Each structure stands twice: as C-alpha cells, then as structure tokens.
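Okay, model_13.cif now, which holds mmCIF, N, CA and C atoms:
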```
data_run
loop_
_atom_site.label_atom_id
_atom_site.label_comp_id
_atom_site.auth_asym_id
_atom_site.auth_seq_id
_atom_site.Cartn_x
_atom_site.Cartn_y
_atom_site.Cartn_z
N GLN K 67 50.97 -24.81 52.27
CA GLN K 67 51.13 -23.45 51.79
C GLN K 67 51.88 -22.62 52.83
N VAL K 68 52.93 -21.96 52.37
CA VAL K 68 53.73 -21.13 53.27
C VAL K 68 52.92 -19.92 53.70
N GLN K 69 53.00 -19.61 54.97
CA GLN K 69 52.37 -18.40 55.49
C GLN K 69 53.43 -17.50 56.10
N LEU K 70 53.27 -16.21 55.88
CA LEU K 70 54.13 -15.22 56.50
C LEU K 70 53.32 -14.51 57.57
N VAL K 71 53.81 -14.54 58.79
CA VAL K 71 53.10 -13.97 59.92
C VAL K 71 53.84 -12.73 60.40
N GLU K 72 53.16 -11.60 60.31
CA GLU K 72 53.76 -10.33 60.68
C GLU K 72 53.33 -9.91 62.08
N SER K 73 54.17 -9.12 62.71
CA SER K 73 53.84 -8.57 64.01
C SER K 73 54.64 -7.29 64.23
N GLY K 74 54.22 -6.51 65.22
CA GLY K 74 54.99 -5.34 65.60
C GLY K 74 54.39 -4.00 65.19
N GLY K 75 53.32 -4.02 64.44
CA GLY K 75 52.69 -2.76 64.07
C GLY K 75 51.98 -2.13 65.26
N GLY K 76 51.51 -0.90 65.06
CA GLY K 76 50.78 -0.23 66.12
C GLY K 76 50.80 1.26 65.96
N LEU K 77 50.45 1.94 67.03
CA LEU K 77 50.39 3.40 67.05
C LEU K 77 51.65 3.95 67.71
N VAL K 78 52.26 4.93 67.06
CA VAL K 78 53.46 5.53 67.61
C VAL K 78 53.42 7.02 67.31
N GLN K 79 54.02 7.81 68.17
CA GLN K 79 54.08 9.25 67.96
C GLN K 79 55.16 9.58 66.94
N PRO K 80 55.03 10.70 66.26
CA PRO K 80 56.10 11.13 65.35
C PRO K 80 57.43 11.18 66.08
N GLY K 81 58.45 10.68 65.40
CA GLY K 81 59.77 10.60 66.02
C GLY K 81 60.03 9.31 66.75
N GLY K 82 59.00 8.51 66.92
CA GLY K 82 59.14 7.25 67.64
C GLY K 82 59.66 6.12 66.76
N SER K 83 59.71 4.94 67.36
CA SER K 83 60.26 3.77 66.67
C SER K 83 59.32 2.57 66.81
N LEU K 84 59.39 1.72 65.82
CA LEU K 84 58.70 0.43 65.84
C LEU K 84 59.60 -0.60 65.17
N ARG K 85 59.42 -1.85 65.56
CA ARG K 85 60.14 -2.94 64.91
C ARG K 85 59.13 -3.96 64.42
N LEU K 86 59.10 -4.16 63.13
CA LEU K 86 58.21 -5.15 62.53
C LEU K 86 58.97 -6.46 62.36
N SER K 87 58.24 -7.56 62.54
CA SER K 87 58.80 -8.89 62.33
C SER K 87 57.90 -9.67 61.38
N CYS K 88 58.52 -10.55 60.64
CA CYS K 88 57.76 -11.41 59.72
C CYS K 88 58.43 -12.77 59.71
N ALA K 89 57.68 -13.78 60.12
CA ALA K 89 58.22 -15.13 60.20
C ALA K 89 57.49 -16.05 59.25
N ALA K 90 58.25 -16.86 58.54
CA ALA K 90 57.65 -17.87 57.66
C ALA K 90 57.22 -19.07 58.49
N SER K 91 56.13 -19.68 58.08
CA SER K 91 55.55 -20.78 58.86
C SER K 91 56.33 -22.08 58.72
N GLU K 92 57.20 -22.13 57.71
CA GLU K 92 57.99 -23.33 57.50
C GLU K 92 59.26 -22.97 56.76
N SER K 93 60.17 -23.91 56.71
CA SER K 93 61.41 -23.67 55.96
C SER K 93 61.08 -23.53 54.48
N ILE K 94 61.78 -22.66 53.84
CA ILE K 94 61.53 -22.36 52.43
C ILE K 94 62.80 -22.63 51.64
N PHE K 95 62.60 -23.33 50.54
CA PHE K 95 63.74 -23.70 49.71
C PHE K 95 64.21 -22.51 48.89
N ARG K 96 65.49 -22.23 48.98
CA ARG K 96 66.17 -21.26 48.15
C ARG K 96 65.49 -19.90 48.15
N ILE K 97 65.58 -19.20 49.25
CA ILE K 97 65.07 -17.84 49.34
C ILE K 97 66.01 -16.91 48.58
N TYR K 98 65.44 -16.03 47.77
CA TYR K 98 66.24 -15.05 47.05
C TYR K 98 66.24 -13.71 47.79
N THR K 99 65.05 -13.23 48.11
CA THR K 99 64.95 -11.95 48.81
C THR K 99 63.81 -11.98 49.81
N MET K 100 63.93 -11.14 50.81
CA MET K 100 62.83 -10.86 51.73
C MET K 100 62.71 -9.35 51.83
N GLY K 101 61.50 -8.88 51.95
CA GLY K 101 61.34 -7.43 51.94
C GLY K 101 60.07 -6.97 52.59
N TRP K 102 59.96 -5.65 52.64
CA TRP K 102 58.77 -5.00 53.18
C TRP K 102 58.24 -3.98 52.17
N TYR K 103 56.93 -4.00 52.03
CA TYR K 103 56.20 -3.04 51.22
C TYR K 103 55.21 -2.34 52.13
N ARG K 104 54.68 -1.23 51.65
CA ARG K 104 53.63 -0.56 52.41
C ARG K 104 52.61 0.04 51.45
N GLN K 105 51.41 0.20 51.97
CA GLN K 105 50.35 0.79 51.19
C GLN K 105 49.52 1.70 52.08
N ALA K 106 49.51 2.96 51.73
CA ALA K 106 48.70 3.94 52.44
C ALA K 106 47.36 4.07 51.72
N PRO K 107 46.34 4.55 52.42
CA PRO K 107 45.01 4.70 51.80
C PRO K 107 45.08 5.55 50.53
N GLY K 108 44.51 5.05 49.46
CA GLY K 108 44.47 5.79 48.22
C GLY K 108 45.75 5.77 47.42
N LYS K 109 46.74 5.02 47.88
CA LYS K 109 48.03 4.98 47.20
C LYS K 109 48.37 3.56 46.79
N GLN K 110 49.31 3.45 45.85
CA GLN K 110 49.75 2.14 45.42
C GLN K 110 50.71 1.54 46.44
N ARG K 111 50.79 0.23 46.44
CA ARG K 111 51.76 -0.44 47.29
C ARG K 111 53.16 -0.10 46.79
N GLU K 112 54.05 0.23 47.72
CA GLU K 112 55.40 0.60 47.35
C GLU K 112 56.43 -0.19 48.14
N LEU K 113 57.56 -0.38 47.52
CA LEU K 113 58.65 -1.08 48.18
C LEU K 113 59.29 -0.17 49.22
N VAL K 114 59.49 -0.72 50.40
CA VAL K 114 60.14 0.03 51.47
C VAL K 114 61.60 -0.40 51.59
N ALA K 115 61.82 -1.70 51.70
CA ALA K 115 63.18 -2.21 51.86
C ALA K 115 63.21 -3.67 51.45
N VAL K 116 64.37 -4.09 50.95
CA VAL K 116 64.53 -5.48 50.55
C VAL K 116 65.94 -5.92 50.91
N ILE K 117 66.07 -7.21 51.24
CA ILE K 117 67.36 -7.77 51.56
C ILE K 117 67.50 -9.10 50.84
N THR K 118 68.66 -9.32 50.25
CA THR K 118 68.92 -10.58 49.58
C THR K 118 69.42 -11.61 50.59
N ILE K 119 69.41 -12.86 50.18
CA ILE K 119 69.87 -13.91 51.07
C ILE K 119 71.35 -13.72 51.38
N GLY K 120 72.04 -12.98 50.53
CA GLY K 120 73.45 -12.70 50.78
C GLY K 120 73.69 -11.50 51.67
N GLY K 121 72.61 -10.78 52.00
CA GLY K 121 72.73 -9.66 52.92
C GLY K 121 72.75 -8.29 52.29
N SER K 122 72.67 -8.21 50.97
CA SER K 122 72.60 -6.90 50.32
C SER K 122 71.24 -6.27 50.57
N THR K 123 71.24 -4.97 50.80
CA THR K 123 70.00 -4.28 51.12
C THR K 123 69.75 -3.12 50.16
N SER K 124 68.48 -2.77 50.07
CA SER K 124 68.07 -1.63 49.26
C SER K 124 66.87 -1.00 49.94
N TYR K 125 66.82 0.34 49.90
CA TYR K 125 65.77 1.07 50.59
C TYR K 125 65.13 2.11 49.67
N ALA K 126 63.87 2.38 49.94
CA ALA K 126 63.23 3.52 49.29
C ALA K 126 63.91 4.79 49.77
N ASP K 127 64.02 5.77 48.90
CA ASP K 127 64.68 7.01 49.28
C ASP K 127 64.04 7.65 50.51
N SER K 128 62.74 7.50 50.63
CA SER K 128 62.01 8.16 51.71
C SER K 128 62.33 7.59 53.09
N VAL K 129 62.94 6.41 53.14
CA VAL K 129 63.22 5.79 54.44
C VAL K 129 64.70 5.60 54.71
N LYS K 130 65.54 5.93 53.75
CA LYS K 130 66.98 5.76 53.94
C LYS K 130 67.46 6.53 55.15
N GLY K 131 68.28 5.86 55.95
CA GLY K 131 68.82 6.49 57.15
C GLY K 131 67.91 6.39 58.35
N ARG K 132 66.67 5.96 58.14
CA ARG K 132 65.74 5.84 59.26
C ARG K 132 65.30 4.39 59.49
N PHE K 133 65.18 3.64 58.43
CA PHE K 133 64.73 2.24 58.52
C PHE K 133 65.91 1.31 58.27
N SER K 134 65.83 0.13 58.88
CA SER K 134 66.86 -0.87 58.68
C SER K 134 66.22 -2.25 58.58
N ILE K 135 66.57 -2.98 57.53
CA ILE K 135 66.05 -4.33 57.34
C ILE K 135 67.12 -5.34 57.70
N SER K 136 66.70 -6.44 58.31
CA SER K 136 67.64 -7.49 58.68
C SER K 136 66.90 -8.82 58.68
N THR K 137 67.65 -9.89 58.72
CA THR K 137 67.05 -11.22 58.72
C THR K 137 67.71 -12.12 59.75
N ASP K 138 66.97 -13.13 60.13
CA ASP K 138 67.50 -14.26 60.86
C ASP K 138 67.22 -15.46 59.96
N ASN K 139 68.18 -15.80 59.14
CA ASN K 139 67.95 -16.83 58.13
C ASN K 139 67.60 -18.19 58.74
N ALA K 140 68.17 -18.45 59.90
CA ALA K 140 67.89 -19.72 60.56
C ALA K 140 66.42 -19.83 60.94
N LYS K 141 65.79 -18.69 61.17
CA LYS K 141 64.39 -18.68 61.58
C LYS K 141 63.46 -18.24 60.45
N ASN K 142 64.03 -18.05 59.24
CA ASN K 142 63.23 -17.55 58.11
C ASN K 142 62.42 -16.33 58.53
N THR K 143 63.08 -15.41 59.21
CA THR K 143 62.42 -14.22 59.73
C THR K 143 63.11 -12.97 59.20
N VAL K 144 62.29 -11.98 58.87
CA VAL K 144 62.82 -10.70 58.43
C VAL K 144 62.27 -9.62 59.35
N TYR K 145 63.10 -8.63 59.64
CA TYR K 145 62.74 -7.55 60.54
C TYR K 145 62.83 -6.21 59.81
N LEU K 146 62.06 -5.26 60.28
CA LEU K 146 62.18 -3.89 59.80
C LEU K 146 62.20 -2.97 61.01
N GLN K 147 63.35 -2.42 61.30
CA GLN K 147 63.48 -1.45 62.38
C GLN K 147 63.19 -0.08 61.80
N MET K 148 62.20 0.59 62.36
CA MET K 148 61.78 1.89 61.86
C MET K 148 62.00 2.94 62.95
N ASN K 149 62.86 3.87 62.67
CA ASN K 149 63.17 4.95 63.61
C ASN K 149 62.75 6.29 63.02
N SER K 150 62.65 7.28 63.87
CA SER K 150 62.29 8.64 63.44
C SER K 150 61.05 8.62 62.55
N LEU K 151 60.05 7.93 63.00
CA LEU K 151 58.84 7.78 62.18
C LEU K 151 58.14 9.10 61.95
N LYS K 152 57.59 9.23 60.75
CA LYS K 152 56.88 10.43 60.35
C LYS K 152 55.43 10.08 60.04
N PRO K 153 54.53 11.04 60.08
CA PRO K 153 53.13 10.75 59.74
C PRO K 153 52.99 10.12 58.36
N GLU K 154 53.86 10.50 57.44
CA GLU K 154 53.75 9.94 56.09
C GLU K 154 54.22 8.48 56.01
N ASP K 155 54.77 7.95 57.09
CA ASP K 155 55.12 6.54 57.12
C ASP K 155 53.92 5.66 57.47
N ALA K 156 52.83 6.27 57.87
CA ALA K 156 51.65 5.50 58.24
C ALA K 156 51.11 4.74 57.03
N ALA K 157 50.88 3.46 57.23
CA ALA K 157 50.42 2.59 56.15
C ALA K 157 50.23 1.19 56.69
N VAL K 158 49.70 0.33 55.84
CA VAL K 158 49.73 -1.10 56.14
C VAL K 158 51.03 -1.63 55.54
N TYR K 159 51.81 -2.30 56.36
CA TYR K 159 53.10 -2.83 55.94
C TYR K 159 52.97 -4.33 55.67
N TYR K 160 53.47 -4.74 54.51
CA TYR K 160 53.37 -6.13 54.09
C TYR K 160 54.76 -6.73 53.95
N CYS K 161 54.89 -7.92 54.45
CA CYS K 161 56.11 -8.69 54.29
C CYS K 161 56.04 -9.45 52.97
N ASN K 162 57.17 -9.58 52.31
CA ASN K 162 57.23 -10.29 51.04
C ASN K 162 58.45 -11.20 51.04
N LEU K 163 58.27 -12.38 50.47
CA LEU K 163 59.37 -13.33 50.35
C LEU K 163 59.37 -13.87 48.92
N TYR K 164 60.52 -13.87 48.31
CA TYR K 164 60.68 -14.37 46.94
C TYR K 164 61.67 -15.53 46.98
N SER K 165 61.18 -16.68 46.49
CA SER K 165 62.03 -17.86 46.54
C SER K 165 61.88 -18.66 45.26
N ALA K 166 62.61 -19.74 45.19
CA ALA K 166 62.53 -20.60 44.02
C ALA K 166 61.15 -21.25 43.89
N THR K 167 60.41 -21.28 44.99
CA THR K 167 59.08 -21.91 44.97
C THR K 167 57.96 -20.90 44.78
N GLY K 168 58.31 -19.62 44.69
CA GLY K 168 57.28 -18.62 44.43
C GLY K 168 57.43 -17.38 45.29
N LYS K 169 56.44 -16.50 45.16
CA LYS K 169 56.41 -15.26 45.94
C LYS K 169 55.30 -15.36 46.98
N TYR K 170 55.59 -14.88 48.17
CA TYR K 170 54.65 -14.98 49.27
C TYR K 170 54.47 -13.62 49.92
N TRP K 171 53.25 -13.40 50.42
CA TRP K 171 52.92 -12.14 51.08
C TRP K 171 52.33 -12.40 52.46
N GLY K 172 52.65 -11.50 53.38
CA GLY K 172 52.01 -11.54 54.68
C GLY K 172 50.64 -10.87 54.60
N GLN K 173 49.93 -10.90 55.70
CA GLN K 173 48.57 -10.36 55.74
C GLN K 173 48.55 -8.86 55.96
N GLY K 174 49.68 -8.30 56.34
CA GLY K 174 49.76 -6.87 56.57
C GLY K 174 49.63 -6.52 58.03
N THR K 175 50.35 -5.48 58.42
CA THR K 175 50.26 -4.98 59.79
C THR K 175 50.19 -3.45 59.73
N GLN K 176 49.28 -2.89 60.49
CA GLN K 176 49.02 -1.46 60.42
C GLN K 176 50.03 -0.69 61.25
N VAL K 177 50.58 0.35 60.65
CA VAL K 177 51.44 1.28 61.36
C VAL K 177 50.77 2.66 61.30
N THR K 178 50.52 3.22 62.46
CA THR K 178 49.90 4.54 62.56
C THR K 178 50.86 5.47 63.27
N VAL K 179 51.12 6.61 62.67
CA VAL K 179 52.03 7.59 63.25
C VAL K 179 51.23 8.87 63.50
N SER K 180 50.99 9.12 64.75
CA SER K 180 50.13 10.25 65.09
C SER K 180 50.39 10.69 66.52
N SER K 181 50.25 11.99 66.75
CA SER K 181 50.38 12.51 68.12
C SER K 181 49.01 12.56 68.80
#
```
Mind turning the file's structure into structure tokens?
Amino acid sequence: QVQLVESGGGLVQPGGSLRLSCAASESIFRIYTMGWYRQAPGKQRELVAVITIGGSTSYADSVKGRFSISTDNAKNTVYLQMNSLKPEDAAVYYCNLYSATGKYWGQGTQVTVSS
C-alpha cells in the first residue's frame, strides 16, 4: 500500500513562510496529479493547489500569489511553498496523489499561523 509522508508543518508568525513536503513511499504507476488540501476546524476540506504530471498548476483564489506547488517527479515528491502566511491559512494540510492505481492521502500536517 502506497503511503504519502508529509513534513514541514509547524508554527509560524503572520507574514512568515513554510515549505511542506510530501513523499510517496514507493514508485507509483502513471501519476496524473499531486496536490495539497487543507481543513480548518469546523470547515470542509478544500483544495489549495494541484499540479499535473505535465507541470500545469492550479491554485485556490485565497492562496494565489502566495503559495507555490512543485514536484520532483524522480522522487515522487510534491512541495508546497507557502509565503506571506495569514492566520486564516492555519489548518491541517493534506497531500493528495491521483494515479492510475487510485487516489492516496497523506496523514496531514498541522500549520499554525499565530503571533
């Protein structure tokens, strides 16, 4: 069973930056997209950013211009660079991978934005 292992979450002050990483535990056949979702307390999980295997990206309006998604396809790893963080960005961030063999989720990593 493929596992997605996330890292990079933590506490940061407003205006600060964090970089999240998500690595697959093994090679995955025919990846279509990799992405990041987040879920704040009392809210539904929402899409933050997604990248296709071809490199096309899409972002939630709330993070455009501040967040950047990228991949290292050789390592089956996806990154989320988060800059100019705001308190409303605080949430548990989940990595997602969609491939020909199914959809996979990471365990989540907490991001807290507070002074």
For Gln147 (chain K), list every protein, DNA or RNA residue within 7 Å, evaluated using all atoms listed in the file, and leave out those in the same chain fewer than 4 positions away; present the list as a PyMOL selection string. chain K and resi 83-86+132-136
So that I can see what lies close to Tyr103 (chain K), please list as a VMD selection string the residues with an atom at most 6.5 Å from it, counting only N, CA and C atoms and leaving out residues fewer than 3 positions away in the same chain. chain K and resid 111 to 115 158 to 162
Write out, as a compact mmCIF listing (two decimals), in the coordinates of the input, the residues just selected, with N, CA and C atoms.
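Dumped everything to result10.txt:
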```txt
# COMPACT_ATOMS: atom_id res chain seq x y z
N ARG K 111 50.79 0.23 46.44
CA ARG K 111 51.76 -0.44 47.29
C ARG K 111 53.16 -0.10 46.79
N GLU K 112 54.05 0.23 47.72
CA GLU K 112 55.40 0.60 47.35
C GLU K 112 56.43 -0.19 48.14
N LEU K 113 57.56 -0.38 47.52
CA LEU K 113 58.65 -1.08 48.18
C LEU K 113 59.29 -0.17 49.22
N VAL K 114 59.49 -0.72 50.40
CA VAL K 114 60.14 0.03 51.47
C VAL K 114 61.60 -0.40 51.59
N ALA K 115 61.82 -1.70 51.70
CA ALA K 115 63.18 -2.21 51.86
C ALA K 115 63.21 -3.67 51.45
N VAL K 158 49.70 0.33 55.84
CA VAL K 158 49.73 -1.10 56.14
C VAL K 158 51.03 -1.63 55.54
N TYR K 159 51.81 -2.30 56.36
CA TYR K 159 53.10 -2.83 55.94
C TYR K 159 52.97 -4.33 55.67
N TYR K 160 53.47 -4.74 54.51
CA TYR K 160 53.37 -6.13 54.09
C TYR K 160 54.76 -6.73 53.95
N CYS K 161 54.89 -7.92 54.45
CA CYS K 161 56.11 -8.69 54.29
C CYS K 161 56.04 -9.45 52.97
N ASN K 162 57.17 -9.58 52.31
CA ASN K 162 57.23 -10.29 51.04
C ASN K 162 58.45 -11.20 51.04
```
Of the candidates K:Leu146, K:Val71, K:Ala140, K:Ile97, which one gets nearest to Ile119 (chain K) if we count all atoms listed in the file? K:Ile97
Centre, x/y/z edge lengths, axis-aligned box for region 140-155 of chain K with 8 Å per side, as lines of an AutoDock Vina configuration file:
```
center_x = 60.6
center_y = -4.4
center_z = 59.9
size_x = 31.2
size_y = 46.9
size_z = 23.9
```
To test your reading of the structure, identify every residue in chain K that backbone DSSP assigns to strand (DSSP E or B), and report it as a ChimeraX atom specification. /K:70-73,76-78,84-90,97-105,112-118,123-125,133-138,143-148,157-165,168-172,175-179
Picked residues, the PyMOL selection byres ((chain K and resi 72-75) around 7), expected as a PyMOL selection string: chain K and resi 70-71+76-77+84-89+161+172-178
Which residue of K:Leu151, K:Val129, K:Ala156, K:Tyr164 approaches Gly101 (chain K) most closely, using only C-alpha atoms: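 Selected residue with least distance to Gly101 (chain K): K:Tyr164.
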As an exercise, work out the distance from CA of Ser180 (chain K) to CA of Arg104 (chain K) in Å and give it to one decimal place.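 The value is 17.0 Å.
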Selected by the PyMOL selection byres (((chain K and resi 93 and name CA) around 9) and name CA) in the shown coordinates: which residues, as a ChimeraX atom specification? /K:68,90-92,94-95,140-142
